[in-house]
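The data block below is query27.cif; it holds mmCIF, C-alpha atoms.
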```cif
data_final
loop_
_atom_site.label_atom_id
_atom_site.label_comp_id
_atom_site.auth_asym_id
_atom_site.auth_seq_id
_atom_site.Cartn_x
_atom_site.Cartn_y
_atom_site.Cartn_z
CA MET P 77 133.06 104.33 75.64
CA SER P 78 131.66 101.14 77.16
CA TYR P 79 128.02 101.20 78.23
CA ASP P 80 126.31 99.04 80.85
CA LEU P 81 122.83 99.43 79.34
CA ILE P 82 121.31 100.89 76.20
CA LEU P 83 117.60 101.57 75.78
CA ARG P 84 117.20 101.18 72.03
CA GLY P 85 114.76 103.01 69.78
CA GLY P 86 112.29 104.51 72.21
CA ARG P 87 110.57 107.87 71.98
CA VAL P 88 112.63 109.87 74.46
CA VAL P 89 110.61 112.60 76.17
CA ASP P 90 112.86 114.68 78.40
CA PRO P 91 111.46 118.15 79.15
CA SER P 92 114.69 119.16 80.92
CA GLN P 93 116.30 119.20 77.47
CA LYS P 94 113.14 120.03 75.48
CA LEU P 95 113.73 116.67 73.82
CA ASP P 96 111.08 114.56 72.11
CA ALA P 97 112.68 112.20 69.61
CA VAL P 98 113.14 108.53 68.74
CA THR P 99 116.68 107.72 69.81
CA ASP P 100 118.82 105.61 72.18
CA VAL P 101 119.76 106.25 75.79
CA ALA P 102 122.96 104.78 77.24
CA PHE P 103 123.97 104.33 80.88
CA ALA P 104 127.37 103.70 82.44
CA ASP P 105 128.65 103.68 86.03
CA GLY P 106 125.20 104.41 87.44
CA LYS P 107 124.66 107.56 85.38
CA VAL P 108 123.24 108.63 82.05
CA ALA P 109 126.15 108.41 79.61
CA ARG P 110 124.79 109.52 76.26
CA ILE P 111 121.70 110.06 74.11
CA GLY P 112 121.97 109.42 70.38
CA ALA P 113 120.90 107.20 67.53
CA GLY P 114 122.67 103.90 66.85
CA LEU P 115 124.84 103.85 69.95
CA LYS P 116 127.44 101.09 69.75
CA THR P 117 127.53 98.14 72.13
CA ASP P 118 130.22 95.75 73.33
CA ALA P 119 130.15 92.34 74.98
CA LYS P 120 129.23 93.79 78.37
CA THR P 121 126.35 95.99 77.21
CA GLU P 122 122.80 94.98 77.99
CA VAL P 123 120.45 96.16 75.25
CA ARG P 124 116.73 96.63 75.77
CA ASP P 125 114.54 97.22 72.73
CA VAL P 126 111.98 99.82 73.80
CA SER P 127 110.74 100.74 70.33
CA GLY P 128 107.12 101.80 70.45
CA ARG P 129 107.56 102.88 74.07
CA ILE P 130 108.18 106.25 75.71
CA VAL P 131 111.40 106.75 77.69
CA THR P 132 111.40 109.51 80.30
CA PRO P 133 113.71 110.46 83.12
CA GLY P 134 112.95 108.39 86.21
CA LEU P 135 109.58 109.56 87.51
CA ILE P 136 109.54 111.47 90.80
CA ASP P 137 106.44 111.21 92.97
CA LEU P 138 106.71 114.30 95.16
CA HIS P 139 104.05 113.14 97.63
CA THR P 140 104.00 109.57 98.95
CA HIS P 141 103.79 107.74 102.28
CA VAL P 142 106.22 104.83 102.27
CA TYR P 143 107.13 104.28 105.94
CA TRP P 144 105.77 100.74 105.61
CA GLY P 145 105.17 99.11 108.99
CA GLY P 146 106.19 102.25 110.85
CA THR P 147 102.98 104.17 110.29
CA SER P 148 99.47 102.95 109.58
CA LEU P 149 99.28 104.76 106.24
CA GLY P 150 102.60 103.49 104.86
CA ILE P 151 102.82 101.39 101.69
CA ASP P 152 105.73 99.39 100.27
CA ALA P 153 107.88 101.71 98.14
CA GLU P 154 109.37 99.06 95.86
CA ASP P 155 106.03 97.42 95.06
CA PHE P 156 104.50 100.83 94.38
CA CYS P 157 107.38 101.99 92.23
CA ARG P 158 107.33 98.80 90.15
CA ARG P 159 103.70 99.38 89.19
CA SER P 160 103.99 103.14 88.85
CA GLY P 161 107.36 103.72 87.19
CA VAL P 162 108.59 105.86 90.06
CA THR P 163 112.33 105.84 90.77
CA THR P 164 112.25 108.54 93.47
CA ALA P 165 109.51 108.39 96.09
CA VAL P 166 109.33 111.45 98.31
CA ASP P 167 107.78 110.64 101.66
CA THR P 168 105.90 113.65 102.98
CA GLY P 169 105.82 113.67 106.74
CA SER P 170 105.10 110.07 107.62
CA ALA P 171 107.91 110.40 110.17
CA GLY P 172 108.78 113.19 112.55
CA ALA P 173 111.88 113.74 114.62
CA GLY P 174 110.79 111.08 117.12
CA ASN P 175 110.69 108.18 114.65
CA PHE P 176 112.78 109.26 111.65
CA ALA P 177 115.75 107.09 112.69
CA GLY P 178 113.62 103.96 112.27
CA PHE P 179 112.34 105.13 108.91
CA ARG P 180 115.88 105.68 107.72
CA LYS P 181 117.35 102.41 109.01
CA HIS P 182 114.55 99.99 108.32
CA VAL P 183 113.05 101.38 105.11
CA ILE P 184 115.10 104.05 103.33
CA GLU P 185 118.54 102.44 103.58
CA ARG P 186 117.20 99.04 102.51
CA SER P 187 115.31 100.32 99.48
CA GLU P 188 116.65 100.04 95.95
CA VAL P 189 114.21 102.77 95.02
CA ARG P 190 115.42 106.19 96.11
CA ILE P 191 113.41 107.57 99.03
CA LEU P 192 113.71 111.21 100.06
CA ALA P 193 111.66 112.77 102.83
CA TYR P 194 110.00 115.87 104.16
CA LEU P 195 110.36 115.68 107.95
CA HIS P 196 107.14 116.32 109.86
CA VAL P 197 107.30 119.13 112.39
CA SER P 198 105.09 116.98 114.65
CA PHE P 199 107.25 114.71 116.82
CA ALA P 200 105.74 111.37 115.72
CA GLY P 201 104.76 112.34 112.19
CA ILE P 202 101.39 111.17 110.91
CA PHE P 203 100.79 108.53 113.55
CA ALA P 204 97.01 107.97 113.56
CA PHE P 205 95.71 107.68 110.01
CA SER P 206 93.64 104.56 109.47
CA PRO P 207 90.07 103.48 108.66
CA ARG P 208 89.22 103.27 112.37
CA VAL P 209 91.50 105.81 114.06
CA MET P 210 91.94 109.29 112.61
CA VAL P 211 93.64 111.88 114.80
CA GLY P 212 94.94 115.13 113.34
CA GLU P 213 98.51 115.20 114.63
CA SER P 214 98.81 118.98 114.19
CA GLU P 215 95.94 119.77 116.54
CA GLU P 216 98.03 118.80 119.57
CA LEU P 217 100.55 121.61 119.89
CA ARG P 218 102.42 119.70 122.57
CA LEU P 219 103.57 117.41 119.73
CA MET P 220 105.16 120.27 117.78
CA ALA P 221 108.91 119.63 118.04
CA PRO P 222 110.86 122.50 116.45
CA LEU P 223 114.14 121.91 118.30
CA ASP P 224 114.12 118.18 117.58
CA ALA P 225 113.14 118.77 113.97
CA VAL P 226 116.08 121.13 113.44
CA GLU P 227 118.49 118.56 114.92
CA VAL P 228 117.17 115.67 112.82
CA ALA P 229 116.96 117.71 109.60
CA ASN P 230 120.56 118.88 110.01
CA ALA P 231 121.77 115.36 110.73
CA ASN P 232 120.03 113.85 107.67
CA ARG P 233 120.51 116.38 104.90
CA ASP P 234 121.33 113.62 102.43
CA ILE P 235 117.71 112.42 102.67
CA ILE P 236 115.58 115.18 104.20
CA VAL P 237 114.56 117.76 101.60
CA GLY P 238 112.15 119.91 103.60
CA ILE P 239 109.71 120.27 106.47
CA LYS P 240 106.13 118.95 106.28
CA VAL P 241 103.13 120.27 108.13
CA ARG P 242 99.42 119.48 107.86
CA VAL P 243 96.84 122.17 108.60
CA GLY P 244 93.09 122.27 108.18
CA ALA P 245 89.96 121.35 110.09
CA ARG P 246 90.92 117.65 110.04
CA ALA P 247 94.68 117.91 110.48
CA SER P 248 95.11 120.85 112.88
CA GLY P 249 91.58 121.47 114.17
CA ARG P 250 91.49 124.15 116.86
CA SER P 251 95.19 124.92 116.36
CA GLY P 252 94.47 126.42 112.95
CA ALA P 253 97.54 127.75 111.16
CA VAL P 254 99.80 127.77 114.24
CA PRO P 255 101.57 124.51 113.24
CA LEU P 256 102.36 126.06 109.85
CA ASP P 257 103.98 129.03 111.56
CA ILE P 258 106.11 126.65 113.64
CA ALA P 259 107.09 124.65 110.56
CA LEU P 260 108.13 127.84 108.77
CA GLU P 261 110.38 128.76 111.69
CA VAL P 262 112.03 125.33 111.52
CA ALA P 263 112.43 125.62 107.76
CA ASP P 264 114.03 129.05 108.11
CA GLN P 265 116.46 127.69 110.69
CA VAL P 266 117.63 124.78 108.49
CA GLY P 267 117.37 126.55 105.13
CA MET P 268 114.80 124.17 103.65
CA PRO P 269 111.39 124.57 102.01
CA VAL P 270 108.08 123.71 103.61
CA MET P 271 105.45 121.44 102.14
CA ALA P 272 102.06 122.46 103.52
CA HIS P 273 99.03 120.17 103.46
CA ILE P 274 95.65 121.85 103.39
CA ASP P 275 92.25 120.27 103.91
CA GLU P 276 88.92 121.84 104.87
CA PRO P 277 88.88 125.30 106.51
CA PRO P 278 89.89 126.75 108.83
CA PRO P 279 92.47 127.93 107.91
CA SER P 280 91.45 129.07 104.45
CA TYR P 281 93.40 128.39 101.28
CA GLU P 282 94.25 132.09 101.17
CA GLU P 283 95.56 132.14 104.75
CA VAL P 284 97.90 129.23 104.06
CA ILE P 285 99.41 130.42 100.78
CA ALA P 286 99.87 133.94 102.18
CA ARG P 287 102.39 132.48 104.63
CA LEU P 288 104.35 130.44 102.08
CA ARG P 289 107.71 131.60 100.72
CA PRO P 290 109.30 131.18 97.29
CA GLY P 291 110.15 127.48 96.86
CA ASP P 292 107.62 126.31 99.44
CA VAL P 293 105.10 123.76 98.19
CA LEU P 294 101.35 123.77 98.68
CA THR P 295 100.17 120.20 98.23
CA HIS P 296 96.54 119.21 97.57
CA ALA P 297 96.51 122.32 95.40
CA PHE P 298 93.53 121.24 93.23
CA ARG P 299 91.23 120.38 96.12
CA PRO P 300 87.44 120.25 95.86
CA PHE P 301 85.26 122.84 97.61
CA PRO P 302 85.69 123.98 100.36
CA ASN P 303 89.21 125.37 100.14
CA SER P 304 89.31 125.11 96.37
CA PRO P 305 91.67 127.45 94.48
CA ALA P 306 88.93 128.15 91.93
CA THR P 307 85.99 130.48 92.37
CA ALA P 308 82.35 129.52 91.88
CA GLN P 309 82.54 131.30 88.51
CA GLY P 310 85.40 129.03 87.38
CA THR P 311 88.23 131.54 87.65
CA VAL P 312 91.45 131.22 89.65
CA LYS P 313 91.45 133.10 92.93
CA ARG P 314 93.64 136.19 92.79
CA ALA P 315 95.58 135.13 95.89
CA VAL P 316 96.54 131.89 94.14
CA ILE P 317 97.88 133.74 91.11
CA ASP P 318 99.81 136.12 93.36
CA ALA P 319 101.34 133.21 95.29
CA ARG P 320 102.59 131.58 92.07
CA GLN P 321 104.07 134.86 90.89
CA ARG P 322 106.17 135.12 94.04
CA GLY P 323 107.44 131.53 93.68
CA VAL P 324 105.10 129.27 95.67
CA LEU P 325 104.87 125.83 94.02
CA PHE P 326 101.55 124.04 93.54
CA ASP P 327 101.52 120.24 93.88
CA ILE P 328 98.60 117.89 93.21
CA GLY P 329 98.89 115.34 96.07
CA HIS P 330 95.80 113.42 94.87
CA GLY P 331 95.31 111.07 97.83
CA LYS P 332 91.98 110.03 99.30
CA GLY P 333 90.35 113.44 99.51
CA SER P 334 92.38 116.07 97.71
CA PHE P 335 91.78 116.11 93.94
CA ALA P 336 88.63 117.04 92.04
CA PHE P 337 88.05 117.00 88.28
CA LYS P 338 85.85 120.10 88.62
CA THR P 339 88.69 122.06 90.19
CA ALA P 340 91.24 120.74 87.70
CA ARG P 341 89.08 121.67 84.71
CA ALA P 342 88.68 125.23 86.01
CA MET P 343 92.39 125.64 86.74
CA LEU P 344 93.53 124.20 83.41
CA ALA P 345 90.98 126.25 81.48
CA ASN P 346 92.59 129.35 82.98
CA GLY P 347 96.08 128.19 82.05
CA PHE P 348 97.02 127.41 85.65
CA TRP P 349 98.78 124.06 85.41
CA PRO P 350 100.22 122.29 88.43
CA ASP P 351 103.94 122.66 89.02
CA THR P 352 104.12 119.03 90.09
CA ILE P 353 101.84 116.01 89.74
CA SER P 354 101.97 113.59 92.66
CA SER P 355 99.82 110.72 93.88
CA ASP P 356 99.85 111.10 97.68
CA VAL P 357 99.70 107.32 97.67
CA HIS P 358 99.01 105.72 101.05
CA ALA P 359 97.21 102.72 102.49
CA LEU P 360 93.76 104.31 102.19
CA CYS P 361 94.00 105.38 98.53
CA ILE P 362 96.33 102.91 96.79
CA ASN P 363 93.29 100.84 95.75
CA GLY P 364 91.45 104.00 94.70
CA PRO P 365 90.82 106.77 94.02
CA ALA P 366 94.53 107.69 93.58
CA PHE P 367 95.97 104.23 92.76
CA ASP P 368 99.44 105.36 91.67
CA GLN P 369 101.52 108.00 89.93
CA VAL P 370 100.86 106.93 86.32
CA THR P 371 97.09 106.95 86.95
CA THR P 372 97.33 110.47 88.34
CA MET P 373 99.38 111.52 85.30
CA SER P 374 96.80 109.85 83.02
CA LYS P 375 94.03 111.98 84.49
CA PHE P 376 95.85 115.16 83.51
CA LEU P 377 96.63 113.82 80.05
CA CYS P 378 92.92 113.10 79.56
CA LEU P 379 92.03 116.58 80.85
CA GLY P 380 94.06 118.09 78.01
CA MET P 381 97.49 118.71 79.52
CA PRO P 382 100.17 117.99 76.87
CA LEU P 383 102.32 114.90 77.42
CA ALA P 384 105.54 116.92 77.70
CA ASP P 385 104.03 119.01 80.49
CA VAL P 386 102.67 115.96 82.30
CA VAL P 387 106.14 114.40 82.18
CA ALA P 388 107.79 117.66 83.28
CA ALA P 389 105.47 117.83 86.29
CA SER P 390 106.70 114.37 87.31
CA THR P 391 110.40 114.85 86.53
CA VAL P 392 112.28 118.12 86.09
CA ASN P 393 109.74 120.26 87.96
CA ALA P 394 109.79 117.88 90.92
CA ALA P 395 113.60 117.88 90.88
CA PHE P 396 113.48 121.69 91.02
CA ALA P 397 111.17 121.59 94.03
CA LEU P 398 113.57 119.15 95.72
CA LYS P 399 116.63 121.23 94.80
CA ARG P 400 118.11 118.04 93.31
CA PRO P 401 119.08 118.97 89.72
CA GLU P 402 120.78 115.60 89.20
CA LEU P 403 117.31 114.02 89.20
CA GLY P 404 114.50 114.35 86.68
CA SER P 405 116.71 114.52 83.61
CA LEU P 406 118.42 112.33 81.03
CA LYS P 407 121.26 114.78 80.47
CA ALA P 408 124.67 113.10 80.39
CA GLY P 409 125.98 112.85 83.95
CA SER P 410 122.54 112.81 85.56
CA VAL P 411 121.48 110.00 87.89
CA GLY P 412 120.98 106.87 85.78
CA ASP P 413 117.24 106.52 86.29
CA ALA P 414 114.66 106.17 83.54
CA THR P 415 111.05 105.10 83.19
CA ILE P 416 109.63 103.24 80.19
CA LEU P 417 105.98 104.04 79.55
CA SER P 418 103.24 103.11 77.14
CA ILE P 419 100.18 105.17 76.28
CA ASP P 420 97.20 102.99 75.50
CA ASP P 421 94.22 104.27 73.51
CA GLY P 422 90.69 103.25 74.40
CA ARG P 423 88.02 104.04 76.98
CA PHE P 424 89.26 104.19 80.56
CA ASP P 425 87.31 104.94 83.72
CA TYR P 426 88.84 107.47 86.11
CA VAL P 427 87.40 108.71 89.40
CA ASP P 428 88.23 111.66 91.63
CA VAL P 429 87.88 112.01 95.41
CA VAL P 430 84.25 113.22 95.35
CA GLY P 431 83.09 110.34 93.14
CA GLU P 432 82.93 112.13 89.80
CA ARG P 433 83.87 109.78 86.97
CA LEU P 434 85.72 110.65 83.79
CA THR P 435 85.90 108.44 80.71
CA GLY P 436 89.34 109.08 79.28
CA ASP P 437 90.68 108.09 75.88
CA ARG P 438 94.24 107.38 77.02
CA LYS P 439 96.03 105.61 79.83
CA ILE P 440 99.70 105.83 80.79
CA ALA P 441 101.20 102.55 82.02
CA CYS P 442 104.65 101.59 83.29
CA GLN P 443 106.55 99.08 81.14
CA GLY P 444 109.90 99.10 82.94
CA VAL P 445 112.30 101.01 85.13
CA VAL P 446 116.02 101.74 85.10
CA ILE P 447 117.61 102.50 88.48
CA ALA P 448 121.24 103.56 88.83
CA GLY P 449 121.95 102.59 85.24
CA ARG P 450 120.60 99.03 85.47
CA TRP P 451 117.34 97.50 84.31
CA TRP P 452 115.56 97.01 87.62
CA HIS P 453 114.42 93.53 88.56
CA PRO P 454 112.54 93.95 91.87
CA LYS P 455 113.18 91.26 94.45
#
```
Go through the file and emit its structure as structure tokens.
Amino acid sequence: MSYDLILRGGRVVDPSQKLDAVTDVAFADGKVARIGAGLKTDAKTEVRDVSGRIVTPGLIDLHTHVYWGGTSLGIDAEDFCRRSGVTTAVDTGSAGAGNFAGFRKHVIERSEVRILAYLHVSFAGIFAFSPRVMVGESEELRLMAPLDAVEVANANRDIIVGIKVRVGARASGRSGAVPLDIALEVADQVGMPVMAHIDEPPPSYEEVIARLRPGDVLTHAFRPFPNSPATAQGTVKRAVIDARQRGVLFDIGHGKGSFAFKTARAMLANGFWPDTISSDVHALCINGPAFDQVTTMSKFLCLGMPLADVVAASTVNAAFALKRPELGSLKAGSVGDATILSIDDGRFDYVDVVGERLTGDRKIACQGVVIAGRWWHPK
């Protein structure tokens, strides 16, 4: 068989196959073709020596905001993915039914990086999120657009993976959990999961997860107090454990205000690891405290989460949440995406959203990306 690209001699970490071995990965026709040692080349094969590096399935960031120029919080997906090793950026509600067409035409269809999206149940998405103007879009119930959201979700099933809603004192204010109830109705109608944002109460953490169904995602799951999933005694709240047992998925969504080391330490100490690790990168956190996906992954590595589980939370687990099994894996026939990483040893300064600092001994960095079976050279 003729290969377009071979990654030679890297440590391949692919939790979808429980694989952790030094070997080669070959790509052909935009897909993963084969994994094995000493794969043969021909005149048309590009070979990249990645010995001493880690090769993973293309990283999936389940929570980003990449409607650049269309919303005030949007960042450039290709620039972000180059620095962060992300091959699939999932935009979570930047656009609603009223402006999704522009997002698709002007950003998604032009991007070499894959962009999938949760459609916001609010008509204009997250339209007022900036250093000077901050309006919780879910507080205004007149902006809830269930009929429009159903139409747009049905018309864009190749890109839209679910329905997004933001609730909390900042996002929904006096409307409380009502926008979540509307989003759940939309999701039921189109047969998609919901991703629910939570910030400060009301509603409470418990009220939100009680409404969520199997396969729905709670993002900002390791928030600081108030609305932390951990008790003051450092245990996991019973309602949180019950929600996981019935199939609710817990996503990090670091962002500007939604991840605390104190919460993470308590959750990990109790064996409650996140289903997915995501950055919630946007214009107000890309220069800190979130920075990017590999920095968010590094924090969990330094907190004691094994590398295979950190990678799983950014690959196969995210693909499961998206219901896209062709992603997040290096199995033959999967989408031909891969990320090449290094893990540097030393002393590295990490910060969470409340200002606590952690000196970590390791840092994950992106050393290259394969998209659709080709070594990616960003424009």
Discussion item. Could you tell me, as a PyMOL selection string, exactly which residues end up selected when the PyMOL selection byres ((chain P and resi 305-315) around 9) is applied to this structure?
Written reply: chain P and resi 281-282+285-286+297-301+303-304+316-320+339-343+345-346+348
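Across the chains present, the PyMOL selection byres ((chain P and resi 419-422) around 10) applied to this file returns P:Gly128, P:Arg129, P:Ile130, P:Ser374, P:Leu417, P:Ser418, P:Arg423, P:Phe424, P:Thr435, P:Gly436, P:Asp437, P:Arg438, P:Lys439, P:Ile440, P:Ala441, P:Cys442.
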Any chance you could work out the residue set of the PyMOL selection byres ((chain P and resi 116) around 9) here, as a CSV table (one decimal) with C-alpha atoms, in the frame of the given file?
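The resulting part10.csv:
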```csv
chain,number,residue,atom,x,y,z
P,77,MET,CA,133.1,104.3,75.6
P,78,SER,CA,131.7,101.1,77.2
P,79,TYR,CA,128.0,101.2,78.2
P,82,ILE,CA,121.3,100.9,76.2
P,114,GLY,CA,122.7,103.9,66.8
P,115,LEU,CA,124.8,103.8,70.0
P,117,THR,CA,127.5,98.1,72.1
P,118,ASP,CA,130.2,95.8,73.3
```
Worksheet item: Nearest to Gly409 (chain P): which of P:Arg218, P:His273, P:Arg84, P:Arg110 is it, counting only C-alpha atoms?
Response: P:Arg110
Worksheet item: Which residues, protein or nucleic acid, reach to within 9 Å of (113.5, 110.3, 96.1) in the file's coordinates when using all atoms listed in the file, and can you give that as a PyMOL selection string?
Response: chain P and resi 136-138+162-167+189-193+235+398+403
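You will find CA of Ala259 (chain P) at 12.1 Å from CA of Ala229 (chain P).
The smallest atom-to-atom distance between Phe337 (chain P) and any of P:Leu434, P:Lys407, P:Phe396, P:Pro302, using all atoms listed in the file, is found for P:Leu434.
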Fill in: Nearest to Ile447 (chain P) by atom-to-atom distance, counting all atoms listed in the file, from P:Thr295, P:Gln321, P:Asn175, P:Ser187
P:Ser187
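CA of Val284 (chain P) is positioned 25.8 Å from CA of Ala388 (chain P).
Among the candidates P:His358, P:Lys332, P:Arg124, P:Arg208, the one nearest to Thr168 (chain P) when counting all atoms listed in the file is P:His358.
In this comparison, which uses all atoms listed in the file, the residue of P:Trp452, P:Trp349, P:Lys107, P:Ala408 approaching Gly380 (chain P) most closely is P:Trp349.
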Discussion item. Using all atoms listed in the file, can you tell me which of P:Asp351, P:Asp425, P:Glu122, P:Glu185 comes closest to Asn393 (chain P)?
Written reply: P:Asp351
Discussion item. Around (82.2, 111.4, 93.8), as given in the file, which residues come within 12 Å? Count only C-alpha atoms and list them as number ranges by chain.
Written reply: P: 300, 332-338, 364-365, 426-434
Item to complete: Considering all atoms listed in the file, return as a count of residues only whatever protein or nucleic-acid residues lie within 7 Å of Val324 (chain P), sequence-local ones (same chain, fewer than 6 positions apart) excluded.
Response: 6
Item to complete: Extract, using all atoms listed in the file, all DNA, RNA and protein residues at most 9 Å from Phe179 (chain P), discarding same-chain residues fewer than 4 positions from it, and format them as an MDAnalysis selection string.
Response: chainID P and resid 143:144 146 170:171 175 183:185
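The environment of Ser214 (chain P) within 8 Å, counting all atoms listed in the file and disregarding residues fewer than 6 places along the same chain, consists of Ser198, Met220, Val241, Arg242, Val243, Ala247, Ser248, Gly249, Ser251 and Pro255 of chain P.
The coordinates place CA of Ala414 (chain P) at 19.0 Å from CA of Ala397 (chain P).
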Worksheet item: Which neighbours of Gly238 (chain P) fall inside 6 Å, counting only C-alpha atoms, when residues of the same chain fewer than 6 positions from it are skipped, and could you give them as a list in words?
Response: Tyr194, Met268, Pro269 and Val270 of chain P
Place N, CA and C atoms on region 81-98 of chain P and deliver the coordinates as an mmCIF file, in the frame of the given file.
```cif
data_model
loop_
_atom_site.group_PDB
_atom_site.id
_atom_site.type_symbol
_atom_site.label_atom_id
_atom_site.label_comp_id
_atom_site.auth_asym_id
_atom_site.auth_seq_id
_atom_site.Cartn_x
_atom_site.Cartn_y
_atom_site.Cartn_z
ATOM 1 N N LEU P 81 124.197 99.653 79.824
ATOM 2 C CA LEU P 81 122.830 99.430 79.340
ATOM 3 C C LEU P 81 122.518 100.451 78.247
ATOM 4 N N ILE P 82 121.855 99.995 77.218
ATOM 5 C CA ILE P 82 121.310 100.890 76.200
ATOM 6 C C ILE P 82 119.826 100.601 76.041
ATOM 7 N N LEU P 83 119.016 101.650 76.132
ATOM 8 C CA LEU P 83 117.600 101.570 75.780
ATOM 9 C C LEU P 83 117.506 101.958 74.309
ATOM 10 N N ARG P 84 117.089 101.026 73.478
ATOM 11 C CA ARG P 84 117.200 101.180 72.030
ATOM 12 C C ARG P 84 115.862 101.559 71.400
ATOM 13 N N GLY P 85 115.850 102.696 70.696
ATOM 14 C CA GLY P 85 114.760 103.010 69.780
ATOM 15 C C GLY P 85 113.470 103.489 70.388
ATOM 16 N N GLY P 86 113.505 103.976 71.614
ATOM 17 C CA GLY P 86 112.290 104.510 72.210
ATOM 18 C C GLY P 86 112.074 105.973 71.862
ATOM 19 N N ARG P 87 110.871 106.437 72.107
ATOM 20 C CA ARG P 87 110.570 107.870 71.980
ATOM 21 C C ARG P 87 110.993 108.528 73.290
ATOM 22 N N VAL P 88 112.088 109.266 73.248
ATOM 23 C CA VAL P 88 112.630 109.870 74.460
ATOM 24 C C VAL P 88 111.978 111.227 74.680
ATOM 25 N N VAL P 89 111.271 111.342 75.799
ATOM 26 C CA VAL P 89 110.610 112.600 76.170
ATOM 27 C C VAL P 89 111.286 113.098 77.438
ATOM 28 N N ASP P 90 112.110 114.118 77.278
ATOM 29 C CA ASP P 90 112.860 114.680 78.400
ATOM 30 C C ASP P 90 112.693 116.192 78.406
ATOM 31 N N PRO P 91 111.705 116.705 79.149
ATOM 32 C CA PRO P 91 111.460 118.150 79.150
ATOM 33 C C PRO P 91 112.640 118.979 79.647
ATOM 34 N N SER P 92 113.542 118.384 80.447
ATOM 35 C CA SER P 92 114.690 119.160 80.920
ATOM 36 C C SER P 92 115.592 119.578 79.775
ATOM 37 N N GLN P 93 115.516 118.862 78.645
ATOM 38 C CA GLN P 93 116.300 119.200 77.470
ATOM 39 C C GLN P 93 115.424 119.611 76.286
ATOM 40 N N LYS P 94 114.099 119.761 76.566
ATOM 41 C CA LYS P 94 113.140 120.030 75.480
ATOM 42 C C LYS P 94 113.303 118.997 74.361
ATOM 43 N N LEU P 95 113.469 117.753 74.759
ATOM 44 C CA LEU P 95 113.730 116.670 73.820
ATOM 45 C C LEU P 95 112.508 115.774 73.677
ATOM 46 N N ASP P 96 112.135 115.510 72.444
ATOM 47 C CA ASP P 96 111.080 114.560 72.110
ATOM 48 C C ASP P 96 111.462 113.943 70.770
ATOM 49 N N ALA P 97 112.144 112.797 70.833
ATOM 50 C CA ALA P 97 112.680 112.200 69.610
ATOM 51 C C ALA P 97 112.881 110.710 69.806
ATOM 52 N N VAL P 98 112.825 109.964 68.703
ATOM 53 C CA VAL P 98 113.140 108.530 68.740
ATOM 54 C C VAL P 98 114.656 108.390 68.677
#
```
